[in-house]
>>> print(open('my_file.cif').read())   # mmCIF, C-alpha atoms
data_entry
#
loop_
_atom_site.group_PDB
_atom_site.id
_atom_site.type_symbol
_atom_site.label_atom_id
_atom_site.label_comp_id
_atom_site.auth_asym_id
_atom_site.auth_seq_id
_atom_site.Cartn_x
_atom_site.Cartn_y
_atom_site.Cartn_z
ATOM 1 C CA MET A 95 263.002 -185.085 61.770
ATOM 2 C CA PHE A 96 266.109 -183.738 63.530
ATOM 3 C CA SER A 97 269.501 -185.117 62.772
ATOM 4 C CA SER A 98 272.027 -185.496 65.584
ATOM 5 C CA GLN A 99 274.579 -183.558 63.506
ATOM 6 C CA GLY A 100 272.288 -180.590 63.188
ATOM 7 C CA ASN A 101 271.628 -180.529 66.985
ATOM 8 C CA SER A 102 275.352 -180.538 67.881
ATOM 9 C CA GLU A 103 276.087 -177.618 65.503
ATOM 10 C CA ASP A 104 273.326 -175.480 67.116
ATOM 11 C CA GLU A 105 274.768 -175.848 70.657
ATOM 12 C CA PRO A 106 277.691 -173.341 70.249
ATOM 13 C CA ALA A 107 275.287 -170.787 68.792
ATOM 14 C CA ARG A 108 272.968 -171.118 71.784
ATOM 15 C CA LEU A 109 275.946 -170.742 74.163
ATOM 16 C CA SER A 110 277.157 -167.572 72.393
ATOM 17 C CA TYR A 111 273.652 -166.129 72.611
ATOM 18 C CA ARG A 112 273.556 -166.726 76.396
ATOM 19 C CA VAL A 113 276.950 -165.017 76.844
ATOM 20 C CA LEU A 114 275.768 -162.016 74.814
ATOM 21 C CA VAL A 115 272.639 -161.688 76.970
ATOM 22 C CA ILE A 116 274.723 -161.809 80.187
ATOM 23 C CA VAL A 117 277.085 -159.091 78.879
ATOM 24 C CA LEU A 118 274.170 -156.849 77.903
ATOM 25 C CA ILE A 119 272.573 -157.245 81.337
ATOM 26 C CA ALA A 120 275.867 -156.374 83.060
ATOM 27 C CA GLN A 121 276.252 -153.254 80.894
ATOM 28 C CA PHE A 122 272.720 -152.188 81.771
ATOM 29 C CA ILE A 123 273.398 -152.538 85.515
ATOM 30 C CA ILE A 124 276.640 -150.526 85.299
ATOM 31 C CA GLY A 125 274.921 -147.813 83.252
ATOM 32 C CA ALA A 126 272.080 -147.573 85.755
ATOM 33 C CA ALA A 127 274.567 -147.204 88.615
ATOM 34 C CA LEU A 128 276.364 -144.355 86.846
ATOM 35 C CA LEU A 129 273.079 -142.579 86.152
ATOM 36 C CA THR A 130 272.192 -142.886 89.835
ATOM 37 C CA TRP A 131 275.421 -141.129 90.837
ATOM 38 C CA VAL A 132 274.716 -138.297 88.411
ATOM 39 C CA ALA A 133 271.108 -138.024 89.574
ATOM 40 C CA ILE A 134 272.114 -137.357 93.186
ATOM 41 C CA GLY A 135 274.663 -134.731 92.201
ATOM 42 C CA ARG A 136 277.841 -136.608 93.100
ATOM 43 C CA PRO A 137 280.764 -137.049 90.685
ATOM 44 C CA VAL A 138 281.389 -140.439 89.105
ATOM 45 C CA PRO A 139 284.317 -142.130 90.917
ATOM 46 C CA GLY A 140 287.556 -142.231 88.943
ATOM 47 C CA MET A 141 286.606 -139.725 86.240
ATOM 48 C CA ALA A 142 289.067 -137.102 87.462
ATOM 49 C CA LYS A 143 291.985 -139.398 86.686
ATOM 50 C CA GLU A 144 291.346 -138.831 82.983
ATOM 51 C CA THR A 145 291.917 -135.082 83.413
ATOM 52 C CA LYS A 146 295.261 -135.244 85.236
ATOM 53 C CA SER A 147 298.394 -134.772 83.193
ATOM 54 C CA SER A 148 300.976 -135.294 85.944
ATOM 55 C CA ALA A 149 302.157 -138.588 87.362
ATOM 56 C CA PRO A 150 300.486 -139.495 90.669
ATOM 57 C CA THR A 151 303.880 -139.322 92.414
ATOM 58 C CA SER A 152 304.712 -135.749 91.357
ATOM 59 C CA LEU A 153 305.177 -132.977 93.922
ATOM 60 C CA ALA A 154 303.649 -129.510 93.660
ATOM 61 C CA PRO A 155 305.910 -126.934 91.973
ATOM 62 C CA ARG A 156 307.691 -124.446 94.201
ATOM 63 C CA ALA A 157 306.392 -120.911 93.738
ATOM 64 C CA THR A 158 308.838 -118.307 92.444
ATOM 65 C CA VAL A 159 307.603 -115.742 94.988
ATOM 66 C CA ASP A 160 307.407 -115.852 98.782
ATOM 67 C CA ARG A 161 304.463 -113.780 100.000
ATOM 68 C CA PHE A 162 302.199 -116.500 101.389
ATOM 69 C CA ASP A 163 303.638 -118.099 104.536
ATOM 70 C CA GLY A 164 303.181 -121.788 103.761
ATOM 71 C CA ARG A 165 304.928 -122.876 106.953
ATOM 72 C CA ARG A 166 302.620 -120.802 109.118
ATOM 73 C CA ALA A 167 299.566 -122.062 107.238
ATOM 74 C CA PHE A 168 300.673 -125.668 107.596
ATOM 75 C CA ARG A 169 301.112 -125.248 111.341
ATOM 76 C CA LEU A 170 297.464 -124.185 111.526
ATOM 77 C CA LEU A 171 296.494 -127.212 109.426
ATOM 78 C CA GLU A 172 298.354 -129.437 111.883
ATOM 79 C CA ARG A 173 296.799 -127.696 114.870
ATOM 80 C CA GLN A 174 293.281 -128.404 113.655
ATOM 81 C CA VAL A 175 294.035 -132.091 113.271
ATOM 82 C CA LYS A 176 296.223 -132.671 116.352
ATOM 83 C CA VAL A 177 294.490 -130.456 118.902
ATOM 84 C CA TYR A 178 290.842 -130.772 117.861
ATOM 85 C CA GLY A 179 290.678 -134.112 116.022
ATOM 86 C CA PRO A 180 287.352 -134.920 114.306
ATOM 87 C CA ARG A 181 285.310 -131.690 114.081
ATOM 88 C CA PRO A 182 281.768 -132.422 112.873
ATOM 89 C CA ALA A 183 279.481 -129.407 112.661
ATOM 90 C CA GLY A 184 277.929 -128.601 116.028
ATOM 91 C CA SER A 185 280.327 -130.760 118.029
ATOM 92 C CA ASP A 186 282.244 -129.526 121.049
ATOM 93 C CA ALA A 187 285.496 -129.806 119.084
ATOM 94 C CA SER A 188 284.036 -127.689 116.306
ATOM 95 C CA ARG A 189 282.881 -125.027 118.771
ATOM 96 C CA ARG A 190 286.313 -124.861 120.404
ATOM 97 C CA LEU A 191 288.001 -124.648 117.006
ATOM 98 C CA GLY A 192 285.620 -121.865 116.003
ATOM 99 C CA ASP A 193 286.555 -119.882 119.110
ATOM 100 C CA ASP A 194 290.199 -120.284 118.079
ATOM 101 C CA LEU A 195 289.738 -119.373 114.408
ATOM 102 C CA VAL A 196 287.633 -116.259 114.932
ATOM 103 C CA LYS A 197 290.615 -114.622 116.645
ATOM 104 C CA ARG A 198 292.831 -115.338 113.649
ATOM 105 C CA LEU A 199 290.779 -113.490 111.030
ATOM 106 C CA PRO A 200 290.791 -109.687 110.649
ATOM 107 C CA ASN A 201 287.740 -108.186 112.364
ATOM 108 C CA GLY A 202 286.670 -111.755 113.073
ATOM 109 C CA THR A 203 283.063 -112.420 113.978
ATOM 110 C CA PHE A 204 280.504 -115.232 113.952
ATOM 111 C CA GLU A 205 277.607 -115.502 111.518
ATOM 112 C CA GLU A 206 274.700 -117.600 112.766
ATOM 113 C CA VAL A 207 273.689 -120.662 110.768
ATOM 114 C CA PRO A 208 270.452 -122.601 111.467
ATOM 115 C CA GLY A 209 270.856 -125.562 113.792
ATOM 116 C CA GLY A 210 273.186 -123.796 116.204
ATOM 117 C CA LEU A 211 276.067 -123.667 113.713
ATOM 118 C CA ARG A 212 278.394 -120.725 113.062
ATOM 119 C CA ASN A 213 280.244 -119.373 110.070
ATOM 120 C CA ILE A 214 283.430 -117.490 110.925
ATOM 121 C CA VAL A 215 283.880 -114.243 109.000
ATOM 122 C CA GLY A 216 286.826 -111.904 108.634
ATOM 123 C CA THR A 217 286.816 -108.708 106.588
ATOM 124 C CA LEU A 218 289.278 -106.399 104.899
ATOM 125 C CA PRO A 219 287.896 -102.983 103.895
ATOM 126 C CA GLY A 220 287.799 -101.665 100.358
ATOM 127 C CA SER A 221 285.618 -99.910 97.850
ATOM 128 C CA GLY A 222 282.849 -101.342 95.721
ATOM 129 C CA VAL A 223 281.410 -104.830 95.644
ATOM 130 C CA PRO A 224 283.130 -107.429 97.861
ATOM 131 C CA ILE A 225 284.860 -110.691 96.993
ATOM 132 C CA VAL A 226 284.267 -113.810 99.100
ATOM 133 C CA VAL A 227 287.119 -116.243 99.787
ATOM 134 C CA GLY A 228 285.945 -119.339 101.622
ATOM 135 C CA ALA A 229 286.569 -122.852 102.911
ATOM 136 C CA HIS A 230 284.716 -125.152 105.312
ATOM 137 C CA TYR A 231 286.028 -125.994 108.770
ATOM 138 C CA ASP A 232 283.799 -128.943 109.699
ATOM 139 C CA THR A 233 284.644 -132.607 109.092
ATOM 140 C CA GLU A 234 282.542 -135.611 108.105
ATOM 141 C CA ALA A 235 279.885 -136.472 110.672
ATOM 142 C CA THR A 236 279.143 -139.769 108.944
ATOM 143 C CA ILE A 237 282.720 -141.147 109.148
ATOM 144 C CA PRO A 238 283.890 -141.821 112.730
ATOM 145 C CA GLY A 239 287.492 -140.739 113.243
ATOM 146 C CA HIS A 240 287.594 -138.482 110.175
ATOM 147 C CA VAL A 241 290.092 -135.658 110.919
ATOM 148 C CA GLY A 242 289.939 -134.032 107.470
ATOM 149 C CA ALA A 243 293.552 -132.942 106.994
ATOM 150 C CA ASN A 244 292.864 -132.168 103.334
ATOM 151 C CA ASP A 245 289.075 -132.028 103.481
ATOM 152 C CA GLY A 246 288.559 -129.038 105.735
ATOM 153 C CA ALA A 247 291.781 -128.217 107.565
ATOM 154 C CA ALA A 248 293.840 -127.349 104.470
ATOM 155 C CA GLY A 249 291.364 -124.873 103.014
ATOM 156 C CA THR A 250 290.725 -123.324 106.418
ATOM 157 C CA ALA A 251 294.450 -122.789 107.028
ATOM 158 C CA ALA A 252 294.899 -121.239 103.585
ATOM 159 C CA VAL A 253 292.018 -118.780 104.043
ATOM 160 C CA VAL A 254 293.368 -117.628 107.409
ATOM 161 C CA GLU A 255 296.872 -117.097 106.003
ATOM 162 C CA LEU A 256 295.529 -115.320 102.900
ATOM 163 C CA ALA A 257 293.699 -112.892 105.182
ATOM 164 C CA ARG A 258 296.851 -112.275 107.200
ATOM 165 C CA ALA A 259 299.034 -111.754 104.112
ATOM 166 C CA LEU A 260 296.583 -109.397 102.438
ATOM 167 C CA GLY A 261 296.134 -107.476 105.678
ATOM 168 C CA LYS A 262 299.806 -106.517 105.491
ATOM 169 C CA THR A 263 299.524 -105.412 101.843
ATOM 170 C CA ASP A 264 298.891 -101.893 100.584
ATOM 171 C CA ARG A 265 295.969 -102.789 98.343
ATOM 172 C CA GLY A 266 295.206 -99.284 97.102
ATOM 173 C CA PRO A 267 292.033 -97.181 97.318
ATOM 174 C CA ASP A 268 290.214 -98.994 94.512
ATOM 175 C CA ALA A 269 290.687 -102.517 95.850
ATOM 176 C CA PRO A 270 287.397 -104.279 96.668
ATOM 177 C CA PRO A 271 286.440 -105.390 100.173
ATOM 178 C CA ILE A 272 287.178 -109.043 100.901
ATOM 179 C CA ARG A 273 285.139 -111.355 103.120
ATOM 180 C CA PHE A 274 287.019 -114.405 104.361
ATOM 181 C CA VAL A 275 284.421 -116.979 105.360
ATOM 182 C CA LEU A 276 284.966 -120.324 107.070
ATOM 183 C CA PHE A 277 281.752 -122.232 106.477
ATOM 184 C CA ASP A 278 280.156 -124.453 109.102
ATOM 185 C CA GLY A 279 278.023 -127.435 108.100
ATOM 186 C CA GLU A 280 279.421 -128.084 104.628
ATOM 187 C CA GLU A 281 279.168 -131.812 105.227
ATOM 188 C CA GLU A 282 275.816 -133.560 105.545
ATOM 189 C CA PRO A 283 274.659 -134.254 109.119
ATOM 190 C CA ALA A 284 274.694 -137.759 110.558
ATOM 191 C CA GLY A 285 271.668 -139.744 109.476
ATOM 192 C CA ALA A 286 271.216 -137.845 106.210
ATOM 193 C CA GLU A 287 273.517 -139.918 104.006
ATOM 194 C CA ASP A 288 270.650 -141.029 101.754
ATOM 195 C CA GLU A 289 269.296 -137.509 101.233
ATOM 196 C CA PRO A 290 270.237 -135.307 98.234
ATOM 197 C CA PHE A 291 273.530 -133.703 99.283
ATOM 198 C CA GLU A 292 272.694 -130.152 98.231
ATOM 199 C CA GLU A 293 269.456 -130.211 100.220
ATOM 200 C CA VAL A 294 270.933 -131.249 103.573
ATOM 201 C CA ALA A 295 274.515 -129.940 103.358
ATOM 202 C CA LEU A 296 276.207 -126.611 102.445
ATOM 203 C CA ARG A 297 274.415 -125.078 105.407
ATOM 204 C CA GLY A 298 276.877 -122.278 106.108
ATOM 205 C CA SER A 299 277.427 -121.263 102.499
ATOM 206 C CA LYS A 300 273.672 -121.041 101.912
ATOM 207 C CA VAL A 301 273.471 -118.411 104.657
ATOM 208 C CA GLU A 302 276.443 -116.411 103.376
ATOM 209 C CA ALA A 303 275.306 -116.551 99.735
ATOM 210 C CA ALA A 304 271.907 -115.081 100.668
ATOM 211 C CA ARG A 305 273.496 -111.916 102.090
ATOM 212 C CA ASP A 306 273.267 -108.504 100.445
ATOM 213 C CA PRO A 307 275.055 -107.055 98.672
ATOM 214 C CA LYS A 308 275.916 -109.986 96.469
ATOM 215 C CA PRO A 309 279.680 -110.393 95.995
ATOM 216 C CA GLN A 310 281.276 -109.857 92.612
ATOM 217 C CA ALA A 311 283.081 -113.210 92.854
ATOM 218 C CA MET A 312 283.525 -116.214 95.116
ATOM 219 C CA ILE A 313 286.714 -118.292 95.457
ATOM 220 C CA LEU A 314 286.437 -121.625 97.286
ATOM 221 C CA LEU A 315 289.411 -123.628 98.601
ATOM 222 C CA ASP A 316 288.859 -127.348 99.227
ATOM 223 C CA TYR A 317 291.176 -130.386 98.889
ATOM 224 C CA ILE A 318 294.215 -128.225 98.154
ATOM 225 C CA ALA A 319 297.130 -129.845 100.036
ATOM 226 C CA GLU A 320 297.438 -133.384 98.686
ATOM 227 C CA ARG A 321 301.089 -134.407 99.107
ATOM 228 C CA ARG A 322 301.563 -135.966 95.661
ATOM 229 C CA GLY A 323 299.738 -135.726 92.374
ATOM 230 C CA LEU A 324 298.038 -132.406 93.147
ATOM 231 C CA GLN A 325 296.295 -130.861 90.125
ATOM 232 C CA PHE A 326 293.289 -128.672 89.476
ATOM 233 C CA PRO A 327 291.466 -129.100 86.204
ATOM 234 C CA ARG A 328 288.617 -126.580 86.127
ATOM 235 C CA GLU A 329 285.737 -128.006 88.153
ATOM 236 C CA GLY A 330 282.653 -128.260 85.962
ATOM 237 C CA HIS A 331 280.570 -125.575 87.710
ATOM 238 C CA SER A 332 283.450 -123.074 88.013
ATOM 239 C CA ASP A 333 283.223 -119.811 86.099
ATOM 240 C CA GLU A 334 285.459 -119.951 83.011
ATOM 241 C CA ARG A 335 286.480 -116.275 83.068
ATOM 242 C CA LEU A 336 287.441 -116.323 86.712
ATOM 243 C CA TRP A 337 289.301 -119.595 86.227
ATOM 244 C CA LYS A 338 291.239 -118.026 83.355
ATOM 245 C CA ARG A 339 292.324 -115.236 85.713
ATOM 246 C CA LEU A 340 293.430 -117.814 88.263
ATOM 247 C CA ARG A 341 295.514 -119.632 85.654
ATOM 248 C CA ALA A 342 297.130 -116.338 84.639
ATOM 249 C CA SER A 343 298.041 -115.775 88.289
ATOM 250 C CA SER A 344 299.551 -119.259 88.488
ATOM 251 C CA ARG A 345 301.828 -118.445 85.560
ATOM 252 C CA LYS A 346 302.985 -115.291 87.344
ATOM 253 C CA VAL A 347 304.099 -117.207 90.441
ATOM 254 C CA GLY A 348 305.448 -120.357 88.800
ATOM 255 C CA THR A 349 302.663 -122.785 89.731
ATOM 256 C CA ALA A 350 301.049 -123.198 86.303
ATOM 257 C CA ALA A 351 301.653 -126.955 86.342
ATOM 258 C CA LEU A 352 298.936 -127.246 88.980
ATOM 259 C CA PHE A 353 296.306 -125.722 86.684
ATOM 260 C CA PRO A 354 296.172 -127.545 83.332
ATOM 261 C CA ASN A 355 293.956 -126.215 80.569
ATOM 262 C CA THR A 356 291.423 -128.994 81.105
ATOM 263 C CA SER A 357 288.170 -129.413 82.964
ATOM 264 C CA THR A 358 286.516 -132.131 84.997
ATOM 265 C CA TYR A 359 283.043 -133.086 86.201
ATOM 266 C CA PRO A 360 280.867 -130.682 88.242
ATOM 267 C CA ILE A 361 280.965 -131.047 92.026
ATOM 268 C CA ILE A 362 278.382 -129.984 94.593
ATOM 269 C CA ASP A 363 280.387 -127.836 97.022
ATOM 270 C CA ASP A 364 280.164 -124.550 98.937
ATOM 271 C CA HIS A 365 280.379 -122.469 95.752
ATOM 272 C CA ILE A 366 277.015 -123.781 94.526
ATOM 273 C CA PRO A 367 274.782 -121.509 96.695
ATOM 274 C CA PHE A 368 276.692 -118.512 95.282
ATOM 275 C CA ILE A 369 276.258 -119.750 91.719
ATOM 276 C CA ARG A 370 272.528 -120.130 92.404
ATOM 277 C CA GLN A 371 272.580 -116.411 93.295
ATOM 278 C CA GLY A 372 274.301 -115.517 90.014
ATOM 279 C CA VAL A 373 277.768 -114.951 91.512
ATOM 280 C CA PRO A 374 280.759 -116.007 89.363
ATOM 281 C CA SER A 375 282.474 -118.668 91.458
ATOM 282 C CA ILE A 376 285.352 -121.141 91.274
ATOM 283 C CA ASP A 377 286.198 -124.216 93.325
ATOM 284 C CA LEU A 378 289.848 -125.196 93.774
ATOM 285 C CA ILE A 379 289.380 -128.871 94.533
ATOM 286 C CA ASP A 380 291.437 -131.918 93.608
ATOM 287 C CA PHE A 381 288.660 -134.461 94.042
ATOM 288 C CA ASP A 382 290.849 -137.217 92.635
ATOM 289 C CA TYR A 383 292.274 -137.729 96.116
ATOM 290 C CA PRO A 384 292.635 -141.414 97.046
ATOM 291 C CA GLN A 385 292.023 -140.760 100.764
ATOM 292 C CA ARG A 386 288.842 -138.793 100.145
ATOM 293 C CA ASP A 387 286.040 -139.357 102.689
ATOM 294 C CA SER A 388 288.064 -141.764 104.813
ATOM 295 C CA VAL A 389 290.059 -141.879 108.048
ATOM 296 C CA ARG A 390 293.192 -142.000 105.874
ATOM 297 C CA ASP A 391 292.759 -138.280 105.166
ATOM 298 C CA ASN A 392 295.397 -137.468 107.760
ATOM 299 C CA LEU A 393 298.642 -135.515 108.124
ATOM 300 C CA ASP A 394 300.632 -138.149 106.234
ATOM 301 C CA ARG A 395 298.686 -137.291 103.069
ATOM 302 C CA VAL A 396 299.187 -133.511 102.939
ATOM 303 C CA SER A 397 302.200 -131.240 102.579
ATOM 304 C CA GLU A 398 303.329 -127.704 103.272
ATOM 305 C CA ARG A 399 304.692 -127.488 99.727
ATOM 306 C CA SER A 400 301.280 -128.108 98.152
ATOM 307 C CA LEU A 401 299.540 -125.729 100.536
ATOM 308 C CA ASP A 402 302.087 -123.005 99.810
ATOM 309 C CA ALA A 403 301.805 -123.370 96.007
ATOM 310 C CA VAL A 404 298.035 -122.943 96.112
ATOM 311 C CA GLY A 405 298.249 -120.094 98.627
ATOM 312 C CA GLU A 406 300.732 -118.143 96.502
ATOM 313 C CA THR A 407 298.488 -118.574 93.440
ATOM 314 C CA VAL A 408 295.323 -117.314 95.108
ATOM 315 C CA LEU A 409 297.211 -114.499 96.821
ATOM 316 C CA GLN A 410 298.489 -113.329 93.436
ATOM 317 C CA LEU A 411 294.945 -113.350 92.074
ATOM 318 C CA LEU A 412 293.636 -111.291 94.991
ATOM 319 C CA ARG A 413 296.556 -108.838 94.939
ATOM 320 C CA THR A 414 295.896 -107.942 91.306
ATOM 321 C CA TRP A 415 292.115 -107.574 91.536
#
>>> encode(input="my_file.cif", output="structure tokens")
Amino acid sequence: MFSSQGNSEDEPARLSYRVLVIVLIAQFIIGAALLTWVAIGRPVPGMAKETKSSAPTSLAPRATVDRFDGRRAFRLLERQVKVYGPRPAGSDASRRLGDDLVKRLPNGTFEEVPGGLRNIVGTLPGSGVPIVVGAHYDTEATIPGHVGANDGAAGTAAVVELARALGKTDRGPDAPPIRFVLFDGEEEPAGAEDEPFEEVALRGSKVEAARDPKPQAMILLDYIAERRGLQFPREGHSDERLWKRLRASSRKVGTAALFPNTSTYPIIDDHIPFIRQGVPSIDLIDFDYPQRDSVRDNLDRVSERSLDAVGETVLQLLRTW
């Protein structure tokens, strides 16, 4: 026998049970999605925000030295975007840009990459084992209209200006050789969006990392000119010792606020092929960039001030090697 009173008291309990089941199912779906991101080697969206200590509206600090020509570097950033527009690997725009950039690096030459692509390499002489300083000069093939002001053009401009500044410096007889490499084919090709990123992308850096002799260190510049909120927690794959040296250099030139003593998730980028070869490597990348991988990554989102602060920091590191 069931009383009507007993039935009415059981109804709220059954409702609470259903709500609990729905919540558990939702949590399972979210967890599975996060595991999928990790499995394909891409960072979880939004995680970098937890590592930033500055307000998103803050500007990069002004360096206390003036050895890196930020204005000149920014003009090259602008030139890539305005003159050449979208520059996917292998495109006519990319080829024309490559012909421009090779003249801007010391002893500039091309390095063949499978698929008809080309790294652009400049060299400064020295003694001992070389250092590689790199960035990629291609833009997203899978995003029509992507001009990559921060994702490609900024790092490229910085590498070219670093080479020029160091070429005018008396580095001494014991300074190591430096290879300045602009990588082609960092982004995945069109039609390969569903493939594991490391397998189909990083085409130029894979070629350079396989060279002999192996470099003693690799410094990668990517996403370095965000107008506001720029910060670089240590990227998860980046070598801790080398990163410590970079932070010491930032203190020397007054840009320490850009390099907090924190770290963030690992990112698959052009430093990975070097790490696979046992080369200590660091990636200067502010991946918490709201315009990342979109047509909004344009000249309105980058600044000369940010580019200069990063350039002065890396130049200090290379000058004291």
>>> atom_distance(input="my_file.cif", atom1="atom CA of A:Ala350", atom2="atom CA of A:Ala167")
21.0 Å
>>> residues_around(input="my_file.cif", residues="stretch 177-189 of chain A", least_positions_apart="6", cutoff="7 Å", atoms="all atoms listed in the file", output="list in words")
Gly210, Leu211, Asp232, Thr233, Glu234, Ala235, Gly239, His240, Val241, Asp278 and Gly279 of chain A
>>> closest_residue(input="my_file.cif", among="A:Val347, A:Ile318, A:Ile225, A:Leu218", to="A:Val373", atoms="only C-alpha atoms")
A:Ile225
>>> closest_atom_pairs(input="my_file.cif", of="stretch 352-413 of chain A", to="stretch 256-270 of chain A", cutoff="12 Å", atoms="only C-alpha atoms", output="Markdown table")
| residue | atom | partner | partner_atom | distance |
| --- | --- | --- | --- | --- |
| A:Leu401 | CA | A:Leu256 | CA | 11.4 |
| A:Asp402 | CA | A:Leu256 | CA | 10.6 |
| A:Val404 | CA | A:Leu256 | CA | 10.5 |
| A:Gly405 | CA | A:Leu256 | CA | 7.0 |
| A:Glu406 | CA | A:Leu256 | CA | 8.7 |
| A:Thr407 | CA | A:Leu256 | CA | 10.4 |
| A:Val408 | CA | A:Leu256 | CA | 8.0 |
| A:Leu409 | CA | A:Leu256 | CA | 6.4 |
| A:Gln410 | CA | A:Leu260 | CA | 10.0 |
| A:Leu411 | CA | A:Leu256 | CA | 11.0 |
| A:Leu412 | CA | A:Leu260 | CA | 8.2 |
| A:Arg413 | CA | A:Arg265 | CA | 7.0 |
>>> atom_distance(input="my_file.cif", atom1="atom CA of A:Asn355", atom2="atom CA of A:Arg341")
8.5 Å
>>> closest_residue(input="my_file.cif", among="A:Ile369, A:Val275, A:Gly285, A:Leu199", to="A:Gln310", atoms="only C-alpha atoms")
A:Ile369
>>> atom_distance(input="my_file.cif", atom1="atom CA of A:Lys176", atom2="atom CA of A:Gln385")
18.1 Å
>>> residues_near_point(input="my_file.cif", point="(281.3, -111.4, 94.0)", cutoff="8 Å", atoms="only C-alpha atoms", output="ChimeraX atom specification")
/A:223-226,308-312,373-375
>>> resolve_selection(input="my_file.cif", expression="the PyMOL selection byres ((chain A and resi 378) around 7)", output="JSON, numbers by chain")
{"A": [314, 315, 316, 318, 326, 376, 377, 379, 380]}
>>> closest_residue(input="my_file.cif", among="A:Glu292, A:Gln325, A:Val301, A:Glu172", to="A:Ile361", atoms="all atoms listed in the file")
A:Glu292
>>> resolve_selection(input="my_file.cif", expression="the PyMOL selection byres ((chain A and resi 321) around 8)", output="NGL selection string")
:A and (153-154 or 319-320 or 322-324 or 395-397 or 399-400)
>>> closest_residue(input="my_file.cif", among="A:Ser343, A:Ser221, A:Thr250, A:Ser332", to="A:Val159", atoms="only C-alpha atoms")
A:Ser343
>>> closest_residue(input="my_file.cif", among="A:Gly298, A:Glu289, A:Asp245, A:Ile313", to="A:Pro384", atoms="all atoms listed in the file")
A:Asp245
>>> residues_around(input="my_file.cif", residues="A:Ala304", least_positions_apart="4", cutoff="9 Å", atoms="all atoms listed in the file", output="ChimeraX atom specification")
/A:299-300,308,367-368,371
>>> write_last_selection(input="my_file.cif", atoms="C-alpha atoms", output="PDB file, in the coordinates of the input")
ATOM      1  CA  SER A 299     277.427-121.263 102.499  1.00  0.00           C
ATOM      2  CA  LYS A 300     273.672-121.041 101.912  1.00  0.00           C
ATOM      3  CA  LYS A 308     275.916-109.986  96.469  1.00  0.00           C
ATOM      4  CA  PRO A 367     274.782-121.509  96.695  1.00  0.00           C
ATOM      5  CA  PHE A 368     276.692-118.512  95.282  1.00  0.00           C
ATOM      6  CA  GLN A 371     272.580-116.411  93.295  1.00  0.00           C
TER       7      GLN A 371
END
>>> resolve_selection(input="my_file.cif", expression="the PyMOL selection byres ((chain A and resi 194) around 12)", output="list in words")
Leu170, Arg173, Gln174, Val177, Tyr178, Ala187, Ser188, Arg189, Arg190, Leu191, Gly192, Asp193, Leu195, Val196, Lys197, Arg198, Leu199, Gly202, Thr203, Phe204, Ile214, Tyr231 and Val254 of chain A
>>> residues_around(input="my_file.cif", residues="A:Ile366", least_positions_apart="4", cutoff="8 Å", atoms="all atoms listed in the file", output="PyMOL selection string")
chain A and resi 331+362+370
>>> closest_residue(input="my_file.cif", among="A:Ala284, A:Ala157, A:His230, A:Leu393", to="A:Lys346", atoms="all atoms listed in the file")
A:Ala157
>>> axis_aligned_box(input="my_file.cif", around="stretch 261-280 of chain A", padding_each_side="8 Å", output="AutoDock Vina command-line options")
--center_x 288.9 --center_y -112.6 --center_z 101.8 --size_x 37.8 --size_y 46.9 --size_z 30.6
>>> decode(input="my_file.cif", residues="stretch 326-336 of chain A", atoms="N, CA and C atoms", output="PDB file, in the first residue's frame")
ATOM      1  N   PHE A 326      55.220  37.453 -20.709  1.00  0.00           N
ATOM      2  CA  PHE A 326      55.800  36.177 -21.093  1.00  0.00           C
ATOM      3  C   PHE A 326      56.104  35.316 -19.869  1.00  0.00           C
ATOM      4  N   PRO A 327      55.114  34.614 -19.342  1.00  0.00           N
ATOM      5  CA  PRO A 327      55.475  33.537 -18.421  1.00  0.00           C
ATOM      6  C   PRO A 327      56.268  32.496 -19.200  1.00  0.00           C
ATOM      7  N   ARG A 328      57.119  31.753 -18.531  1.00  0.00           N
ATOM      8  CA  ARG A 328      57.935  30.752 -19.237  1.00  0.00           C
ATOM      9  C   ARG A 328      57.030  29.692 -19.862  1.00  0.00           C
ATOM     10  N   GLU A 329      57.117  29.577 -21.175  1.00  0.00           N
ATOM     11  CA  GLU A 329      56.362  28.543 -21.898  1.00  0.00           C
ATOM     12  C   GLU A 329      56.821  27.161 -21.417  1.00  0.00           C
ATOM     13  N   GLY A 330      55.890  26.241 -21.299  1.00  0.00           N
ATOM     14  CA  GLY A 330      56.137  24.983 -20.614  1.00  0.00           C
ATOM     15  C   GLY A 330      57.280  24.130 -21.129  1.00  0.00           C
ATOM     16  N   HIS A 331      57.587  24.207 -22.439  1.00  0.00           N
ATOM     17  CA  HIS A 331      58.700  23.429 -22.986  1.00  0.00           C
ATOM     18  C   HIS A 331      60.038  24.163 -22.855  1.00  0.00           C
ATOM     19  N   SER A 332      60.027  25.449 -22.549  1.00  0.00           N
ATOM     20  CA  SER A 332      61.246  26.261 -22.615  1.00  0.00           C
ATOM     21  C   SER A 332      62.233  25.899 -21.512  1.00  0.00           C
ATOM     22  N   ASP A 333      63.511  25.876 -21.893  1.00  0.00           N
ATOM     23  CA  ASP A 333      64.582  25.495 -20.989  1.00  0.00           C
ATOM     24  C   ASP A 333      64.667  26.473 -19.800  1.00  0.00           C
ATOM     25  N   GLU A 334      64.669  25.959 -18.597  1.00  0.00           N
ATOM     26  CA  GLU A 334      64.623  26.810 -17.408  1.00  0.00           C
ATOM     27  C   GLU A 334      65.897  27.625 -17.235  1.00  0.00           C
ATOM     28  N   ARG A 335      67.062  27.035 -17.505  1.00  0.00           N
ATOM     29  CA  ARG A 335      68.313  27.775 -17.360  1.00  0.00           C
ATOM     30  C   ARG A 335      68.415  28.930 -18.340  1.00  0.00           C
ATOM     31  N   LEU A 336      68.067  28.653 -19.585  1.00  0.00           N
ATOM     32  CA  LEU A 336      68.130  29.690 -20.601  1.00  0.00           C
ATOM     33  C   LEU A 336      67.105  30.781 -20.317  1.00  0.00           C
TER      34      LEU A 336
END
